[in-house]
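Heads up, structure.tsv below (TSV, C-alpha atoms):
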```tsv
chain	number	residue	atom	x	y	z
A	252	MET	CA	-12.42	22.19	2.45
A	253	LYS	CA	-9.44	21.43	4.67
A	254	PHE	CA	-7.07	18.59	3.77
A	255	GLY	CA	-4.36	17.04	5.92
A	256	VAL	CA	-1.29	15.46	4.33
A	257	VAL	CA	0.54	13.02	6.60
A	258	VAL	CA	4.31	13.32	6.58
A	259	PHE	CA	6.25	10.20	7.54
A	260	PRO	CA	10.05	10.12	7.54
A	261	GLY	CA	10.67	9.14	3.92
A	262	SER	CA	7.44	10.48	2.41
A	263	ASN	CA	8.32	12.15	-0.88
A	264	CYS	CA	5.00	12.98	-2.57
A	265	ASP	CA	3.71	15.01	0.38
A	266	HIS	CA	4.73	18.30	-1.27
A	267	ASP	CA	3.13	17.28	-4.59
A	268	VAL	CA	-0.19	16.64	-2.84
A	269	TYR	CA	0.10	19.87	-0.86
A	270	HIS	CA	0.89	21.81	-4.05
A	271	VAL	CA	-2.12	20.46	-5.94
A	272	ILE	CA	-4.56	21.16	-3.10
A	273	ARG	CA	-3.23	24.61	-2.29
A	274	HIS	CA	-2.17	26.01	-5.66
A	275	VAL	CA	-4.24	24.09	-8.21
A	276	MET	CA	-7.46	23.44	-6.28
A	277	GLU	CA	-7.04	26.54	-4.08
A	278	GLU	CA	-8.27	24.75	-0.98
A	279	SER	CA	-6.90	24.69	2.55
A	280	VAL	CA	-4.23	22.13	3.46
A	281	VAL	CA	-1.94	21.34	6.40
A	282	TYR	CA	0.87	18.85	6.95
A	283	LEU	CA	0.30	16.29	9.68
A	284	TRP	CA	3.60	15.13	11.21
A	285	HIS	CA	3.79	11.40	11.94
A	286	LYS	CA	4.51	12.03	15.62
A	287	ASP	CA	1.48	14.29	16.07
A	288	THR	CA	-1.81	13.05	17.43
A	289	ASP	CA	-3.99	15.99	16.37
A	290	LEU	CA	-5.67	15.90	12.97
A	291	GLN	CA	-6.33	19.67	13.22
A	292	ASN	CA	-10.01	19.33	12.26
A	293	VAL	CA	-9.28	18.38	8.65
A	294	ASP	CA	-12.12	17.15	6.41
A	295	ALA	CA	-9.96	14.60	4.60
A	296	VAL	CA	-6.61	12.89	5.23
A	297	ILE	CA	-4.19	11.97	2.46
A	298	LEU	CA	-1.38	9.45	3.01
A	299	PRO	CA	1.14	10.33	0.30
A	300	GLY	CA	3.63	8.28	-1.67
A	301	GLY	CA	7.23	7.72	-0.75
A	302	PHE	CA	9.23	5.30	1.34
A	303	SER	CA	8.02	5.72	4.91
A	304	TYR	CA	10.67	4.50	7.35
A	305	GLY	CA	12.73	3.36	4.37
A	306	ASP	CA	10.15	0.63	3.64
A	307	TYR	CA	12.05	-1.45	6.23
A	308	LEU	CA	10.58	-4.94	6.74
A	309	ARG	CA	7.73	-4.28	4.26
A	310	ALA	CA	6.37	-1.14	2.64
A	311	GLY	CA	4.14	0.55	5.22
A	312	ALA	CA	4.89	-1.95	7.99
A	313	ILE	CA	6.47	0.52	10.39
A	314	ALA	CA	4.51	3.64	9.39
A	315	ARG	CA	1.32	1.99	10.60
A	316	PHE	CA	2.59	2.19	14.19
A	317	SER	CA	3.33	5.93	14.10
A	318	PRO	CA	1.25	8.03	16.54
A	319	ILE	CA	-0.71	9.85	13.81
A	320	MET	CA	-1.98	6.56	12.35
A	321	GLN	CA	-4.09	5.73	15.41
A	322	GLU	CA	-5.87	9.05	14.88
A	323	VAL	CA	-6.24	8.35	11.16
A	324	VAL	CA	-7.81	4.97	11.96
A	325	ASN	CA	-10.27	6.58	14.40
A	326	PHE	CA	-11.05	9.28	11.83
A	327	ALA	CA	-11.70	6.65	9.14
A	328	ASN	CA	-13.86	4.56	11.48
A	329	ASP	CA	-15.95	7.67	12.15
A	330	GLY	CA	-16.53	8.04	8.42
A	331	GLY	CA	-13.77	10.55	7.62
A	332	LEU	CA	-12.37	10.57	4.09
A	333	VAL	CA	-8.95	8.94	3.79
A	334	LEU	CA	-7.01	8.62	0.53
A	335	GLY	CA	-3.83	6.54	0.41
A	336	ILE	CA	-1.66	6.96	-2.66
A	337	CYS	CA	1.13	4.47	-3.47
A	338	ASN	CA	3.00	4.12	-0.15
A	339	GLY	CA	-0.19	5.47	1.44
A	340	PHE	CA	-2.11	2.50	-0.01
A	341	GLN	CA	0.53	0.14	1.41
A	342	VAL	CA	0.13	1.78	4.84
A	343	LEU	CA	-3.68	1.42	4.65
A	344	THR	CA	-3.42	-2.33	4.02
A	345	GLU	CA	-0.81	-2.80	6.76
A	346	VAL	CA	-2.95	-0.95	9.30
A	347	GLY	CA	-6.00	-2.99	8.31
A	348	LEU	CA	-8.23	-0.22	6.94
A	349	LEU	CA	-8.14	-1.98	3.57
A	350	PRO	CA	-7.93	-5.75	2.94
A	351	GLY	CA	-5.14	-7.60	1.13
A	352	ALA	CA	-1.49	-6.64	0.73
A	353	LEU	CA	0.89	-5.00	-1.72
A	354	THR	CA	4.07	-6.87	-2.42
A	355	SER	CA	6.99	-7.06	-4.86
A	356	ASN	CA	6.17	-6.46	-8.51
A	357	ASP	CA	6.12	-9.74	-10.42
A	358	HIS	CA	9.13	-8.65	-12.54
A	359	THR	CA	11.09	-7.56	-9.41
A	360	ARG	CA	11.88	-4.13	-10.89
A	361	PHE	CA	10.82	-0.62	-9.95
A	362	VAL	CA	8.22	0.53	-12.47
A	363	CYS	CA	7.90	4.21	-13.32
A	364	LYS	CA	5.62	5.08	-16.22
A	365	THR	CA	2.17	6.26	-17.26
A	366	VAL	CA	-0.52	3.58	-17.09
A	367	HIS	CA	-4.16	3.44	-18.09
A	368	LEU	CA	-6.88	2.71	-15.57
A	369	ARG	CA	-10.50	1.81	-16.06
A	370	THR	CA	-12.79	3.51	-13.56
A	371	GLU	CA	-14.94	0.73	-12.13
A	372	ASN	CA	-17.09	2.57	-9.61
A	373	VAL	CA	-18.03	6.26	-9.69
A	374	ASP	CA	-20.38	6.01	-6.73
A	375	THR	CA	-17.69	7.05	-4.23
A	376	PRO	CA	-16.64	10.43	-2.80
A	377	PHE	CA	-13.31	9.98	-4.64
A	378	THR	CA	-14.59	9.20	-8.14
A	379	SER	CA	-17.96	10.94	-8.55
A	380	GLU	CA	-16.49	13.30	-11.16
A	381	TYR	CA	-15.37	10.44	-13.41
A	382	GLU	CA	-17.61	8.58	-15.86
A	383	GLN	CA	-18.40	4.91	-15.24
A	384	GLY	CA	-15.90	2.90	-17.28
A	385	GLN	CA	-13.82	5.99	-18.11
A	386	VAL	CA	-10.23	5.17	-19.02
A	387	ILE	CA	-7.78	7.59	-17.41
A	388	ALA	CA	-3.99	7.96	-17.59
A	389	LEU	CA	-1.97	8.34	-14.39
A	390	PRO	CA	1.68	7.71	-13.49
A	391	VAL	CA	2.82	4.79	-11.34
A	392	ALA	CA	6.17	4.63	-9.56
A	393	HIS	CA	6.69	1.67	-7.26
A	394	ALA	CA	8.52	-1.59	-6.61
A	395	GLU	CA	5.88	-3.13	-4.35
A	396	GLY	CA	2.56	-2.59	-6.07
A	397	ARG	CA	1.38	-6.13	-6.75
A	398	TYR	CA	-2.02	-6.37	-5.11
A	399	TYR	CA	-2.69	-9.71	-3.45
A	400	ALA	CA	-5.68	-10.97	-1.51
A	401	ASP	CA	-7.11	-14.44	-1.02
A	402	THR	CA	-9.95	-15.61	-3.28
A	403	GLU	CA	-12.60	-14.99	-0.64
A	404	THR	CA	-11.49	-11.36	-0.24
A	405	LEU	CA	-11.30	-10.82	-4.01
A	406	ASN	CA	-14.85	-12.15	-4.39
A	407	LEU	CA	-16.07	-9.88	-1.62
A	408	LEU	CA	-14.40	-6.82	-3.18
A	409	HIS	CA	-16.05	-7.68	-6.47
A	410	GLN	CA	-19.50	-8.34	-4.99
A	411	GLU	CA	-19.45	-5.12	-2.98
A	412	ASN	CA	-18.19	-3.10	-5.95
A	413	ARG	CA	-15.10	-2.04	-4.02
A	414	ILE	CA	-12.59	-2.37	-6.86
A	415	ILE	CA	-12.41	1.26	-7.96
A	416	PHE	CA	-9.62	1.22	-10.57
A	417	ARG	CA	-8.15	-1.56	-12.71
A	418	TYR	CA	-5.12	-1.43	-15.00
A	419	SER	CA	-6.30	-1.56	-18.59
A	420	ASP	CA	-5.17	-0.76	-22.11
A	421	PRO	CA	-6.16	2.65	-23.57
A	422	ASP	CA	-9.43	1.11	-24.78
A	423	GLY	CA	-10.37	-0.19	-21.36
A	424	ASN	CA	-9.51	-3.85	-21.93
A	425	LEU	CA	-8.11	-5.58	-18.85
A	426	THR	CA	-5.07	-7.20	-20.43
A	427	GLU	CA	-2.03	-8.83	-18.91
A	428	GLU	CA	0.23	-6.43	-20.84
A	429	SER	CA	-1.46	-3.41	-19.26
A	430	ASN	CA	-0.86	-4.73	-15.73
A	431	PRO	CA	2.42	-3.09	-14.61
A	432	ASN	CA	3.11	-5.23	-11.55
A	433	GLY	CA	1.21	-8.51	-11.59
A	434	SER	CA	-1.67	-7.34	-9.39
A	435	LEU	CA	-4.45	-9.89	-9.08
A	436	LYS	CA	-7.49	-9.01	-11.23
A	437	ASN	CA	-5.53	-5.97	-12.53
A	438	ILE	CA	-6.44	-4.19	-9.29
A	439	ALA	CA	-5.00	-0.66	-9.01
A	440	GLY	CA	-7.29	0.78	-6.32
A	441	ILE	CA	-9.87	-0.43	-3.80
A	442	CYS	CA	-12.07	1.10	-1.11
A	443	ASN	CA	-13.37	-0.07	2.25
A	444	LYS	CA	-16.91	-1.37	2.76
A	445	GLU	CA	-18.24	2.04	3.78
A	446	GLY	CA	-16.59	3.76	0.81
A	447	ASN	CA	-14.78	6.48	2.77
A	448	VAL	CA	-11.27	4.99	2.53
A	449	LEU	CA	-9.58	4.60	-0.87
A	450	GLY	CA	-6.14	3.17	-1.60
A	451	MET	CA	-4.51	3.26	-5.03
A	452	MET	CA	-1.02	2.71	-6.44
A	453	PRO	CA	-1.15	5.32	-9.27
A	454	HIS	CA	-0.54	8.99	-8.49
A	455	PRO	CA	-3.47	11.37	-9.18
A	456	GLU	CA	-1.50	14.27	-7.65
A	457	ARG	CA	1.10	13.98	-10.42
A	458	ALA	CA	-1.56	14.42	-13.09
A	459	CYS	CA	-3.27	17.72	-12.32
A	460	GLU	CA	-1.57	20.30	-14.52
A	461	ASN	CA	-1.20	20.69	-18.28
A	462	ILE	CA	2.46	21.51	-17.91
A	463	LEU	CA	3.01	17.99	-16.55
A	464	GLY	CA	1.28	16.41	-19.54
A	465	LEU	CA	-1.48	14.62	-17.62
A	466	THR	CA	-4.63	16.02	-16.01
A	467	ASP	CA	-6.76	12.96	-15.24
A	468	GLY	CA	-6.01	13.24	-11.53
A	469	LEU	CA	-7.92	16.52	-11.23
A	470	ALA	CA	-11.34	14.84	-11.20
A	471	MET	CA	-10.40	12.99	-8.02
A	472	PHE	CA	-9.72	16.22	-6.14
A	473	HIS	CA	-12.85	17.79	-7.65
A	474	SER	CA	-14.86	14.76	-6.49
A	475	LEU	CA	-13.57	15.10	-2.93
A	476	ILE	CA	-14.28	18.83	-2.81
A	477	ASP	CA	-17.73	18.60	-4.42
A	478	ASN	CA	-18.67	15.76	-2.10
A	479	ARG	CA	-17.74	17.93	0.86
A	480	VAL	CA	-19.86	20.82	-0.43
A	481	MET	CA	-22.86	18.51	-0.85
A	482	ALA	CA	-22.45	16.84	2.55
B	148	MET	CA	20.36	-14.96	27.33
B	149	PHE	CA	18.01	-16.11	24.63
B	150	LYS	CA	18.36	-15.45	20.96
B	151	ALA	CA	15.41	-15.77	18.57
B	152	ASN	CA	16.20	-16.69	14.96
B	153	VAL	CA	13.15	-15.70	12.95
B	154	THR	CA	12.54	-16.58	9.32
B	155	VAL	CA	9.79	-14.85	7.34
B	156	HIS	CA	8.84	-16.02	3.85
B	157	TYR	CA	6.01	-15.80	1.36
B	158	LYS	CA	3.19	-18.28	1.89
B	159	GLN	CA	3.12	-21.25	-0.45
B	160	GLY	CA	1.19	-20.36	-3.57
B	161	ILE	CA	2.17	-16.71	-3.55
B	162	LEU	CA	4.53	-15.72	-6.33
B	163	ASP	CA	8.04	-15.06	-5.01
B	164	PRO	CA	9.71	-13.00	-7.77
B	165	GLN	CA	13.11	-12.89	-6.05
B	166	GLY	CA	13.09	-16.64	-5.54
B	167	LYS	CA	12.24	-17.12	-9.20
B	168	ALA	CA	15.09	-14.84	-10.31
B	169	VAL	CA	17.56	-16.69	-8.07
B	170	HIS	CA	16.31	-20.00	-9.45
B	171	HIS	CA	17.08	-18.78	-12.98
B	172	ALA	CA	20.55	-17.75	-11.82
B	173	LEU	CA	21.19	-21.21	-10.36
B	174	GLN	CA	20.31	-22.75	-13.70
B	175	SER	CA	22.63	-20.29	-15.50
B	176	LEU	CA	25.42	-21.36	-13.14
B	177	GLY	CA	24.77	-25.00	-13.91
B	178	ILE	CA	23.68	-25.80	-10.35
B	179	GLN	CA	21.15	-28.53	-10.97
B	180	GLY	CA	18.50	-30.21	-8.90
B	181	ALA	CA	16.61	-27.38	-7.18
B	182	ASP	CA	13.03	-27.34	-8.41
B	183	GLU	CA	12.18	-24.16	-6.53
B	184	VAL	CA	13.93	-21.33	-4.70
B	185	ARG	CA	12.24	-19.08	-2.17
B	186	VAL	CA	13.80	-15.98	-0.67
B	187	GLY	CA	12.84	-14.81	2.80
B	188	LYS	CA	14.10	-12.65	5.63
B	189	HIS	CA	16.15	-13.64	8.63
B	190	ILE	CA	15.65	-11.55	11.76
B	191	VAL	CA	17.61	-12.04	14.98
B	192	MET	CA	16.42	-10.72	18.33
B	193	THR	CA	18.36	-11.08	21.57
B	194	PHE	CA	16.71	-11.05	24.99
B	195	PRO	CA	19.35	-10.66	27.73
B	196	ASP	CA	16.96	-10.62	30.70
B	197	LEU	CA	13.94	-12.71	29.74
B	198	SER	CA	13.13	-16.27	30.70
B	199	LYS	CA	12.63	-18.77	27.90
B	200	LYS	CA	8.86	-18.51	28.24
B	201	GLU	CA	8.94	-14.70	28.19
B	202	ALA	CA	11.31	-14.65	25.21
B	203	ASP	CA	9.03	-17.07	23.38
B	204	GLU	CA	5.96	-14.90	24.03
B	205	ALA	CA	7.82	-11.75	22.96
B	206	THR	CA	9.02	-13.40	19.76
B	207	LYS	CA	5.60	-14.71	18.84
B	208	LYS	CA	4.03	-11.32	19.46
B	209	ALA	CA	6.69	-9.59	17.35
B	210	CYS	CA	6.15	-12.06	14.49
B	211	ASP	CA	2.37	-11.66	14.56
B	212	LYS	CA	2.31	-7.89	15.00
B	213	ILE	CA	5.09	-6.57	12.82
B	214	LEU	CA	7.75	-8.97	11.53
B	215	SER	CA	5.32	-10.76	9.18
B	216	ASN	CA	2.19	-9.79	7.30
B	217	PRO	CA	-0.21	-12.73	7.76
B	218	VAL	CA	-1.95	-11.95	4.45
B	219	ILE	CA	1.11	-12.93	2.42
B	220	GLU	CA	3.75	-14.34	4.77
B	221	ASP	CA	4.44	-17.22	7.12
B	222	TYR	CA	7.11	-17.27	9.79
B	223	ASP	CA	8.96	-19.71	11.94
B	224	TYR	CA	11.53	-19.24	14.65
B	225	GLU	CA	13.77	-21.01	17.10
B	226	LEU	CA	14.96	-19.84	20.48
B	227	VAL	CA	18.59	-20.54	21.31
B	228	GLU	CA	20.12	-20.14	24.75
B	229	GLU	CA	23.46	-18.36	24.68
B	230	LYS	CA	25.99	-17.54	27.36
B	231	SER	CA	25.91	-13.78	27.95
```
Whole structure, structure tokens version:
Amino acid sequence: MKFGVVVFPGSNCDHDVYHVIRHVMEESVVYLWHKDTDLQNVDAVILPGGFSYGDYLRAGAIARFSPIMQEVVNFANDGGLVLGICNGFQVLTEVGLLPGALTSNDHTRFVCKTVHLRTENVDTPFTSEYEQGQVIALPVAHAEGRYYADTETLNLLHQENRIIFRYSDPDGNLTEESNPNGSLKNIAGICNKEGNVLGMMPHPERACENILGLTDGLAMFHSLIDNRVMA
Amino acid sequence: MFKANVTVHYKQGILDPQGKAVHHALQSLGIQGADEVRVGKHIVMTFPDLSKKEADEATKKACDKILSNPVIEDYDYELVEEKS
């Protein structure tokens, strides 16, 4: 399977994603420069974390206008797999592939720690290797991760089972204390209606090796690769 | 020459953490009377060669397309004529 990792000026998790795909998963991966318009026939696109364009105006606001993003939007609309992590999630909401917005954490501080997530939907190409309701541990590192959407959108996400991960305690309870940023409904990750675009604030690529202390991100990459083999 | 003074701020009802923090600071300073503080952004654009109508259209387009995110923010602006 061939992955493409988009590199914006200010991306800083692009190498982490590349490393996991190439050296841990042993799959093919290329960088996609933000000024390029060729997706190089990749099977999946990953928008990595970081601070694209310095997060000027709003996180993701300027990255969405980069030349590569028009191709990513076309790719997603044709059913291609797109995963946005952290800043990548912010870019996906700004460009309109995912509803809602990510804005300043309720406590105004940058939060950098391991959080627990409850897996809400395993019927997606990103989560098929997790168990329904499985609680996983992944790192978060962001200042603008508070998910907001109007009530109508939140209801729709719920009805269509598009909330994929929620912040929880280690036992899977959705508590206020386990919510690191004030996201509505403890939302940590959502997908589009068709299920081929996922955005999430936590970092699965930072949780794929024993030496790093966390390995719950591995199942996401396994899901993507297995899904490709089956397709 | 026209100058557009644009203000972007969170919509009413959306938590403004910076505004809340500043409000606490006002109270610590003993500045009384403000029941709420909201923090926004001020963006200035200058249009040396556009008519007022063109500058207005350009400003509105900029606000809708990039300067604000309609999911969470409102904007307002005023156009000021300046001698170039």
> Which residue out of A:His409, A:Arg397, A:Arg273, A:His285 has the minimum interatomic distance to chain B when all atoms listed in the file are used?
Replying inline: A:Arg397
> When the cut-off is 8 Å and we count all atoms listed in the file, which residues of chain A are near chain B, given as a list in words?
Replying inline: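 Matching residues, ligands excluded from the count: Leu308, Ala312, Ile313, Glu345, Gly351, Ala352, Ser355, Asn356, Asp357, His358, Thr359, Tyr399, Ala400 and Asp401 of chain A.
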>> Applying 6 Å and all atoms listed in the file, which residues near stretch 413-430 of chain A remain after dropping the ones on its own chain fewer than 3 positions away? List them as a ChimeraX atom specification.
In response: /A:367-372,386,408,433,437-442
> Which one is closest to B:Glu183: B:Val227, B:Gln159, B:Asp196, B:Ala202? Count all atoms listed in the file.
Replying inline: B:Gln159
Can you pull out every residue within 7 Å of stretch 318-328 of chain A, counting all atoms listed in the file, but drop anything in the same chain fewer than 3 positions away, and send it as a PDB file with C-alpha atoms, in the frame of the given file?
```pdb
ATOM      1  CA  HIS A 285       3.790  11.400  11.940  1.00  0.00           C
ATOM      2  CA  LYS A 286       4.510  12.030  15.620  1.00  0.00           C
ATOM      3  CA  ASP A 287       1.480  14.290  16.070  1.00  0.00           C
ATOM      4  CA  THR A 288      -1.810  13.050  17.430  1.00  0.00           C
ATOM      5  CA  ARG A 315       1.320   1.990  10.600  1.00  0.00           C
ATOM      6  CA  GLY A 331     -13.770  10.550   7.620  1.00  0.00           C
ATOM      7  CA  LEU A 332     -12.370  10.570   4.090  1.00  0.00           C
ATOM      8  CA  VAL A 333      -8.950   8.940   3.790  1.00  0.00           C
ATOM      9  CA  VAL A 448     -11.270   4.990   2.530  1.00  0.00           C
TER      10      VAL A 448
END
```
>> When you count only C-alpha atoms, which of these residues is closest to A:Glu395: A:Leu407, A:Leu449, A:Ile476, A:Ala310?
In response: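 Using only C-alpha atoms, A:Glu395 sits closest to A:Ala310.
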